[in-house]
$ cat data31.cif   # mmCIF, N, CA and C atoms
data_target
loop_
_atom_site.label_atom_id
_atom_site.label_comp_id
_atom_site.auth_asym_id
_atom_site.auth_seq_id
_atom_site.Cartn_x
_atom_site.Cartn_y
_atom_site.Cartn_z
N MET A 1 83.78 88.43 104.94
CA MET A 1 85.11 88.49 105.50
C MET A 1 85.59 89.94 105.48
N LYS A 2 86.01 90.43 106.63
CA LYS A 2 86.54 91.79 106.75
C LYS A 2 88.05 91.73 106.60
N LEU A 3 88.59 92.67 105.82
CA LEU A 3 90.02 92.77 105.64
C LEU A 3 90.54 94.02 106.35
N LEU A 4 91.71 93.91 106.93
CA LEU A 4 92.34 95.01 107.64
C LEU A 4 93.58 95.43 106.86
N ALA A 5 93.67 96.71 106.51
CA ALA A 5 94.84 97.24 105.83
C ALA A 5 95.95 97.42 106.84
N ILE A 6 97.08 96.75 106.62
CA ILE A 6 98.19 96.81 107.58
C ILE A 6 99.37 97.62 107.04
N GLY A 7 99.14 98.32 105.93
CA GLY A 7 100.17 99.20 105.39
C GLY A 7 100.73 98.71 104.07
N PHE A 8 101.10 99.66 103.22
CA PHE A 8 101.73 99.39 101.93
C PHE A 8 100.91 98.47 101.03
N GLY A 9 99.60 98.60 101.10
CA GLY A 9 98.71 97.81 100.25
C GLY A 9 98.49 96.39 100.71
N ASN A 10 98.96 96.04 101.89
CA ASN A 10 98.78 94.68 102.42
C ASN A 10 97.51 94.61 103.25
N LEU A 11 96.82 93.49 103.11
CA LEU A 11 95.57 93.25 103.82
C LEU A 11 95.62 91.90 104.52
N VAL A 12 95.01 91.82 105.68
CA VAL A 12 94.87 90.54 106.38
C VAL A 12 93.41 90.37 106.79
N SER A 13 93.02 89.15 107.00
CA SER A 13 91.67 88.86 107.46
C SER A 13 91.52 89.29 108.91
N ALA A 14 90.62 90.21 109.15
CA ALA A 14 90.43 90.76 110.49
C ALA A 14 89.94 89.69 111.47
N GLU A 15 89.17 88.72 110.99
CA GLU A 15 88.63 87.68 111.87
C GLU A 15 89.70 86.71 112.35
N ARG A 16 90.84 86.66 111.69
CA ARG A 16 91.89 85.69 112.03
C ARG A 16 92.92 86.26 112.99
N ILE A 17 92.80 87.54 113.35
CA ILE A 17 93.76 88.18 114.25
C ILE A 17 93.44 87.82 115.69
N ILE A 18 94.44 87.33 116.41
CA ILE A 18 94.29 87.05 117.83
C ILE A 18 94.68 88.28 118.63
N SER A 19 95.81 88.90 118.25
CA SER A 19 96.33 90.02 119.02
C SER A 19 97.18 90.93 118.15
N ILE A 20 97.22 92.22 118.52
CA ILE A 20 98.11 93.19 117.90
C ILE A 20 98.92 93.79 119.03
N VAL A 21 100.25 93.57 118.99
CA VAL A 21 101.11 94.00 120.10
C VAL A 21 102.30 94.80 119.59
N SER A 22 102.93 95.49 120.50
CA SER A 22 104.15 96.23 120.21
C SER A 22 105.33 95.26 120.20
N PRO A 23 106.31 95.48 119.34
CA PRO A 23 107.46 94.56 119.25
C PRO A 23 108.57 94.86 120.25
N GLU A 24 108.35 95.74 121.20
CA GLU A 24 109.42 96.24 122.07
C GLU A 24 109.85 95.28 123.18
N SER A 25 108.96 94.45 123.67
CA SER A 25 109.31 93.62 124.83
C SER A 25 110.15 92.41 124.42
N ALA A 26 110.94 91.94 125.35
CA ALA A 26 111.81 90.79 125.10
C ALA A 26 111.02 89.52 124.72
N PRO A 27 109.90 89.22 125.39
CA PRO A 27 109.15 88.02 125.00
C PRO A 27 108.63 88.08 123.55
N ILE A 28 108.22 89.26 123.11
CA ILE A 28 107.74 89.39 121.73
C ILE A 28 108.90 89.24 120.76
N LYS A 29 110.05 89.81 121.10
CA LYS A 29 111.23 89.65 120.25
C LYS A 29 111.63 88.19 120.13
N ARG A 30 111.57 87.44 121.24
CA ARG A 30 111.86 86.01 121.20
C ARG A 30 110.85 85.26 120.35
N MET A 31 109.57 85.62 120.51
CA MET A 31 108.54 84.98 119.71
C MET A 31 108.77 85.22 118.22
N ILE A 32 109.12 86.45 117.83
CA ILE A 32 109.38 86.76 116.43
C ILE A 32 110.53 85.90 115.91
N GLN A 33 111.60 85.77 116.69
CA GLN A 33 112.74 84.96 116.27
C GLN A 33 112.35 83.49 116.13
N ASP A 34 111.57 82.97 117.07
CA ASP A 34 111.12 81.58 116.99
C ASP A 34 110.27 81.34 115.75
N VAL A 35 109.35 82.25 115.48
CA VAL A 35 108.47 82.12 114.32
C VAL A 35 109.27 82.24 113.03
N ARG A 36 110.26 83.14 113.02
CA ARG A 36 111.13 83.29 111.84
C ARG A 36 111.85 81.97 111.55
N GLU A 37 112.36 81.32 112.58
CA GLU A 37 113.06 80.05 112.41
C GLU A 37 112.13 78.95 111.91
N ARG A 38 110.86 79.01 112.32
CA ARG A 38 109.86 78.04 111.85
C ARG A 38 109.41 78.32 110.43
N GLY A 39 109.66 79.52 109.93
CA GLY A 39 109.23 79.89 108.58
C GLY A 39 107.80 80.41 108.52
N ALA A 40 107.27 80.87 109.66
CA ALA A 40 105.89 81.34 109.70
C ALA A 40 105.79 82.85 109.90
N LEU A 41 106.90 83.56 109.66
CA LEU A 41 106.91 85.01 109.83
C LEU A 41 106.64 85.68 108.49
N ILE A 42 105.76 86.66 108.49
CA ILE A 42 105.46 87.46 107.30
C ILE A 42 105.84 88.89 107.62
N ASP A 43 106.84 89.41 106.91
CA ASP A 43 107.31 90.78 107.14
C ASP A 43 106.65 91.70 106.13
N ALA A 44 105.65 92.44 106.58
CA ALA A 44 104.92 93.37 105.71
C ALA A 44 105.31 94.81 106.01
N SER A 45 106.50 94.99 106.60
CA SER A 45 106.94 96.34 106.96
C SER A 45 107.76 97.00 105.85
N PHE A 46 108.09 96.23 104.81
CA PHE A 46 108.82 96.75 103.66
C PHE A 46 110.11 97.46 104.05
N GLY A 47 110.87 96.88 104.97
CA GLY A 47 112.14 97.43 105.36
C GLY A 47 112.08 98.56 106.36
N ARG A 48 110.90 99.01 106.67
CA ARG A 48 110.77 100.07 107.68
C ARG A 48 110.79 99.43 109.07
N SER A 49 110.90 100.25 110.09
CA SER A 49 110.94 99.68 111.44
C SER A 49 109.58 99.07 111.78
N THR A 50 109.63 97.95 112.46
CA THR A 50 108.42 97.25 112.86
C THR A 50 107.82 97.95 114.06
N ARG A 51 106.56 98.33 113.94
CA ARG A 51 105.88 99.01 115.05
C ARG A 51 104.75 98.18 115.63
N ALA A 52 104.30 97.17 114.88
CA ALA A 52 103.23 96.31 115.39
C ALA A 52 103.47 94.88 114.94
N VAL A 53 103.07 93.96 115.80
CA VAL A 53 103.17 92.53 115.53
C VAL A 53 101.75 91.97 115.60
N LEU A 54 101.30 91.36 114.51
CA LEU A 54 99.97 90.75 114.48
C LEU A 54 100.13 89.25 114.66
N ILE A 55 99.48 88.72 115.66
CA ILE A 55 99.51 87.30 115.94
C ILE A 55 98.22 86.71 115.40
N MET A 56 98.36 85.76 114.48
CA MET A 56 97.21 85.19 113.78
C MET A 56 96.84 83.82 114.36
N ASP A 57 95.60 83.42 114.18
CA ASP A 57 95.15 82.13 114.70
C ASP A 57 95.75 80.95 113.96
N SER A 58 96.38 81.19 112.81
CA SER A 58 97.01 80.13 112.03
C SER A 58 98.42 79.81 112.53
N GLY A 59 98.92 80.61 113.49
CA GLY A 59 100.29 80.43 113.97
C GLY A 59 101.27 81.36 113.28
N ASN A 60 100.82 82.04 112.24
CA ASN A 60 101.67 83.01 111.57
C ASN A 60 101.76 84.27 112.40
N VAL A 61 102.86 84.99 112.22
CA VAL A 61 103.07 86.28 112.85
C VAL A 61 103.40 87.26 111.72
N ILE A 62 102.74 88.41 111.74
CA ILE A 62 102.91 89.41 110.69
C ILE A 62 103.47 90.67 111.30
N LEU A 63 104.51 91.22 110.67
CA LEU A 63 105.12 92.47 111.12
C LEU A 63 104.59 93.61 110.28
N SER A 64 104.24 94.72 110.93
CA SER A 64 103.70 95.88 110.24
C SER A 64 104.45 97.14 110.68
N ALA A 65 104.56 98.10 109.76
CA ALA A 65 105.20 99.38 110.07
C ALA A 65 104.22 100.35 110.72
N LEU A 66 102.94 100.00 110.78
CA LEU A 66 101.95 100.85 111.44
C LEU A 66 101.91 100.52 112.92
N THR A 67 101.51 101.48 113.73
CA THR A 67 101.46 101.26 115.18
C THR A 67 100.24 100.41 115.57
N PRO A 68 100.32 99.75 116.72
CA PRO A 68 99.15 98.99 117.20
C PRO A 68 97.92 99.87 117.37
N GLU A 69 98.12 101.12 117.75
CA GLU A 69 96.98 102.04 117.93
C GLU A 69 96.26 102.29 116.62
N VAL A 70 97.03 102.52 115.55
CA VAL A 70 96.43 102.77 114.23
C VAL A 70 95.70 101.52 113.75
N LEU A 71 96.34 100.36 113.88
CA LEU A 71 95.70 99.12 113.45
C LEU A 71 94.46 98.82 114.28
N GLY A 72 94.53 99.07 115.57
CA GLY A 72 93.37 98.85 116.44
C GLY A 72 92.21 99.76 116.06
N ALA A 73 92.51 101.01 115.74
CA ALA A 73 91.45 101.93 115.33
C ALA A 73 90.83 101.48 114.02
N ARG A 74 91.65 101.01 113.09
CA ARG A 74 91.11 100.52 111.81
C ARG A 74 90.26 99.27 112.03
N LEU A 75 90.71 98.41 112.90
CA LEU A 75 89.97 97.18 113.20
C LEU A 75 88.63 97.52 113.86
N ASP A 76 88.67 98.44 114.81
CA ASP A 76 87.45 98.87 115.48
C ASP A 76 86.48 99.49 114.48
N GLU A 77 87.00 100.29 113.58
CA GLU A 77 86.17 100.93 112.55
C GLU A 77 85.51 99.89 111.65
N ASN A 78 86.28 98.86 111.27
CA ASN A 78 85.73 97.79 110.43
C ASN A 78 84.56 97.09 111.11
N PHE A 79 84.72 96.77 112.39
CA PHE A 79 83.67 96.04 113.09
C PHE A 79 82.48 96.94 113.43
N ARG A 80 82.72 98.24 113.63
CA ARG A 80 81.59 99.16 113.82
C ARG A 80 80.77 99.27 112.56
N GLU A 81 81.44 99.33 111.41
CA GLU A 81 80.72 99.40 110.14
C GLU A 81 79.89 98.14 109.93
N GLU A 82 80.48 96.98 110.27
CA GLU A 82 79.78 95.71 110.10
C GLU A 82 78.53 95.64 110.99
N SER A 83 78.66 96.05 112.25
CA SER A 83 77.51 95.99 113.16
C SER A 83 76.47 97.02 112.79
N GLY A 84 76.89 98.15 112.21
CA GLY A 84 75.95 99.18 111.77
C GLY A 84 75.10 98.70 110.60
N LYS A 85 75.67 97.89 109.72
CA LYS A 85 74.93 97.37 108.58
C LYS A 85 73.86 96.38 109.02
N GLU A 86 74.16 95.64 110.09
CA GLU A 86 73.19 94.66 110.59
C GLU A 86 71.98 95.35 111.20
N ASP A 87 72.15 96.56 111.73
CA ASP A 87 71.05 97.27 112.36
C ASP A 87 70.02 97.77 111.36
N GLU A 88 70.45 97.95 110.11
CA GLU A 88 69.54 98.52 109.10
C GLU A 88 68.48 97.56 108.66
#

$ encode --input "data31.cif" --output "structure tokens"
Amino acid sequence: MKLLAIGFGNLVSAERIISIVSPESAPIKRMIQDVRERGALIDASFGRSTRAVLIMDSGNVILSALTPEVLGARLDENFREESGKEDE
């Protein structure tokens, strides 16, 4: 199982991520509100502004203070390391 660091010592399972998106659009803001009302929102931004929204296959939504670009690069790095180990 690969873990992705999403900031402030928080980790999520990389295999369970469906999408990493910016929180700026109205549909994403509505989705965050709906998930908050359902009780499935995890705020891992520690009071800082939310820069990325991670949509998980479990239906949970996770807020992160890191940008989608940074998280995507970390995710890509994790999977490159994994595929590199298989080649050996």

$ residues_around --input "data31.cif" --residues "Val53 in chain A" --least-positions-apart "2" --cutoff "7 Å" --atoms "only N, CA and C atoms" --output "NGL selection string"
:A and (19-23 or 50-51 or 55 or 61-64 or 68)

$ atom_distance --input "data31.cif" --atom1 "atom N of Val35 in chain A" --atom2 "atom C of Asn60 in chain A"
8.4 Å

$ closest_residue --input "data31.cif" --among "A:Ala52, A:Leu75, A:Val70, A:Met1" --to "Glu24 in chain A" --atoms "only C-alpha atoms"
A:Ala52

$ atom_distance --input "data31.cif" --atom1 "CA of Ala14 in chain A" --atom2 "CA of Glu37 in chain A"
25.1 Å

$ atom_distance --input "data31.cif" --atom1 "atom C of Lys2 in chain A" --atom2 "atom N of Glu15 in chain A"
5.4 Å

$ closest_residue --input "data31.cif" --among "A:Pro27, A:Leu71, A:Arg38, A:Ser83" --to "Ala5 in chain A" --atoms "all atoms listed in the file"
A:Leu71

$ select_by_dssp --input "data31.cif" --residues "chain A" --states "strand (DSSP E or B)" --output "VMD selection string"
chain A and resid 3 to 7 10 to 13 17 to 21 41 to 43 52 to 56 61 to 64

$ axis_aligned_box --input "data31.cif" --around "range 55-71 of chain A" --padding-each-side "4 Å" --output "JSON"
{"center_x": 99.8, "center_y": 91.3, "center_z": 113.8, "size_x": 18.7, "size_y": 31.0, "size_z": 16.2}

$ select_by_dssp --input "data31.cif" --residues "range 9-80 of chain A" --states "helix (DSSP H, G or I)" --output "MDAnalysis selection string"
chainID A and resid 14:16 26:38 68:80

$ write_last_selection --input "data31.cif" --atoms "N, CA and C atoms" --output "short mmCIF file (atom, residue, chain, number, x, y, z; two decimals), in the frame of the given file"
data_model
loop_
_atom_site.label_atom_id
_atom_site.label_comp_id
_atom_site.auth_asym_id
_atom_site.auth_seq_id
_atom_site.Cartn_x
_atom_site.Cartn_y
_atom_site.Cartn_z
N ALA A 14 90.62 90.21 109.15
CA ALA A 14 90.43 90.76 110.49
C ALA A 14 89.94 89.69 111.47
N GLU A 15 89.17 88.72 110.99
CA GLU A 15 88.63 87.68 111.87
C GLU A 15 89.70 86.71 112.35
N ARG A 16 90.84 86.66 111.69
CA ARG A 16 91.89 85.69 112.03
C ARG A 16 92.92 86.26 112.99
N ALA A 26 110.94 91.94 125.35
CA ALA A 26 111.81 90.79 125.10
C ALA A 26 111.02 89.52 124.72
N PRO A 27 109.90 89.22 125.39
CA PRO A 27 109.15 88.02 125.00
C PRO A 27 108.63 88.08 123.55
N ILE A 28 108.22 89.26 123.11
CA ILE A 28 107.74 89.39 121.73
C ILE A 28 108.90 89.24 120.76
N LYS A 29 110.05 89.81 121.10
CA LYS A 29 111.23 89.65 120.25
C LYS A 29 111.63 88.19 120.13
N ARG A 30 111.57 87.44 121.24
CA ARG A 30 111.86 86.01 121.20
C ARG A 30 110.85 85.26 120.35
N MET A 31 109.57 85.62 120.51
CA MET A 31 108.54 84.98 119.71
C MET A 31 108.77 85.22 118.22
N ILE A 32 109.12 86.45 117.83
CA ILE A 32 109.38 86.76 116.43
C ILE A 32 110.53 85.90 115.91
N GLN A 33 111.60 85.77 116.69
CA GLN A 33 112.74 84.96 116.27
C GLN A 33 112.35 83.49 116.13
N ASP A 34 111.57 82.97 117.07
CA ASP A 34 111.12 81.58 116.99
C ASP A 34 110.27 81.34 115.75
N VAL A 35 109.35 82.25 115.48
CA VAL A 35 108.47 82.12 114.32
C VAL A 35 109.27 82.24 113.03
N ARG A 36 110.26 83.14 113.02
CA ARG A 36 111.13 83.29 111.84
C ARG A 36 111.85 81.97 111.55
N GLU A 37 112.36 81.32 112.58
CA GLU A 37 113.06 80.05 112.41
C GLU A 37 112.13 78.95 111.91
N ARG A 38 110.86 79.01 112.32
CA ARG A 38 109.86 78.04 111.85
C ARG A 38 109.41 78.32 110.43
N PRO A 68 100.32 99.75 116.72
CA PRO A 68 99.15 98.99 117.20
C PRO A 68 97.92 99.87 117.37
N GLU A 69 98.12 101.12 117.75
CA GLU A 69 96.98 102.04 117.93
C GLU A 69 96.26 102.29 116.62
N VAL A 70 97.03 102.52 115.55
CA VAL A 70 96.43 102.77 114.23
C VAL A 70 95.70 101.52 113.75
N LEU A 71 96.34 100.36 113.88
CA LEU A 71 95.70 99.12 113.45
C LEU A 71 94.46 98.82 114.28
N GLY A 72 94.53 99.07 115.57
CA GLY A 72 93.37 98.85 116.44
C GLY A 72 92.21 99.76 116.06
N ALA A 73 92.51 101.01 115.74
CA ALA A 73 91.45 101.93 115.33
C ALA A 73 90.83 101.48 114.02
N ARG A 74 91.65 101.01 113.09
CA ARG A 74 91.11 100.52 111.81
C ARG A 74 90.26 99.27 112.03
N LEU A 75 90.71 98.41 112.90
CA LEU A 75 89.97 97.18 113.20
C LEU A 75 88.63 97.52 113.86
N ASP A 76 88.67 98.44 114.81
CA ASP A 76 87.45 98.87 115.48
C ASP A 76 86.48 99.49 114.48
N GLU A 77 87.00 100.29 113.58
CA GLU A 77 86.17 100.93 112.55
C GLU A 77 85.51 99.89 111.65
N ASN A 78 86.28 98.86 111.27
CA ASN A 78 85.73 97.79 110.43
C ASN A 78 84.56 97.09 111.11
N PHE A 79 84.72 96.77 112.39
CA PHE A 79 83.67 96.04 113.09
C PHE A 79 82.48 96.94 113.43
N ARG A 80 82.72 98.24 113.63
CA ARG A 80 81.59 99.16 113.82
C ARG A 80 80.77 99.27 112.56
#

$ residues_around --input "data31.cif" --residues "Ala65 in chain A" --least-positions-apart "6" --cutoff "7 Å" --atoms "all atoms listed in the file" --output "ChimeraX atom specification"
/A:6-7,44-46,48-52
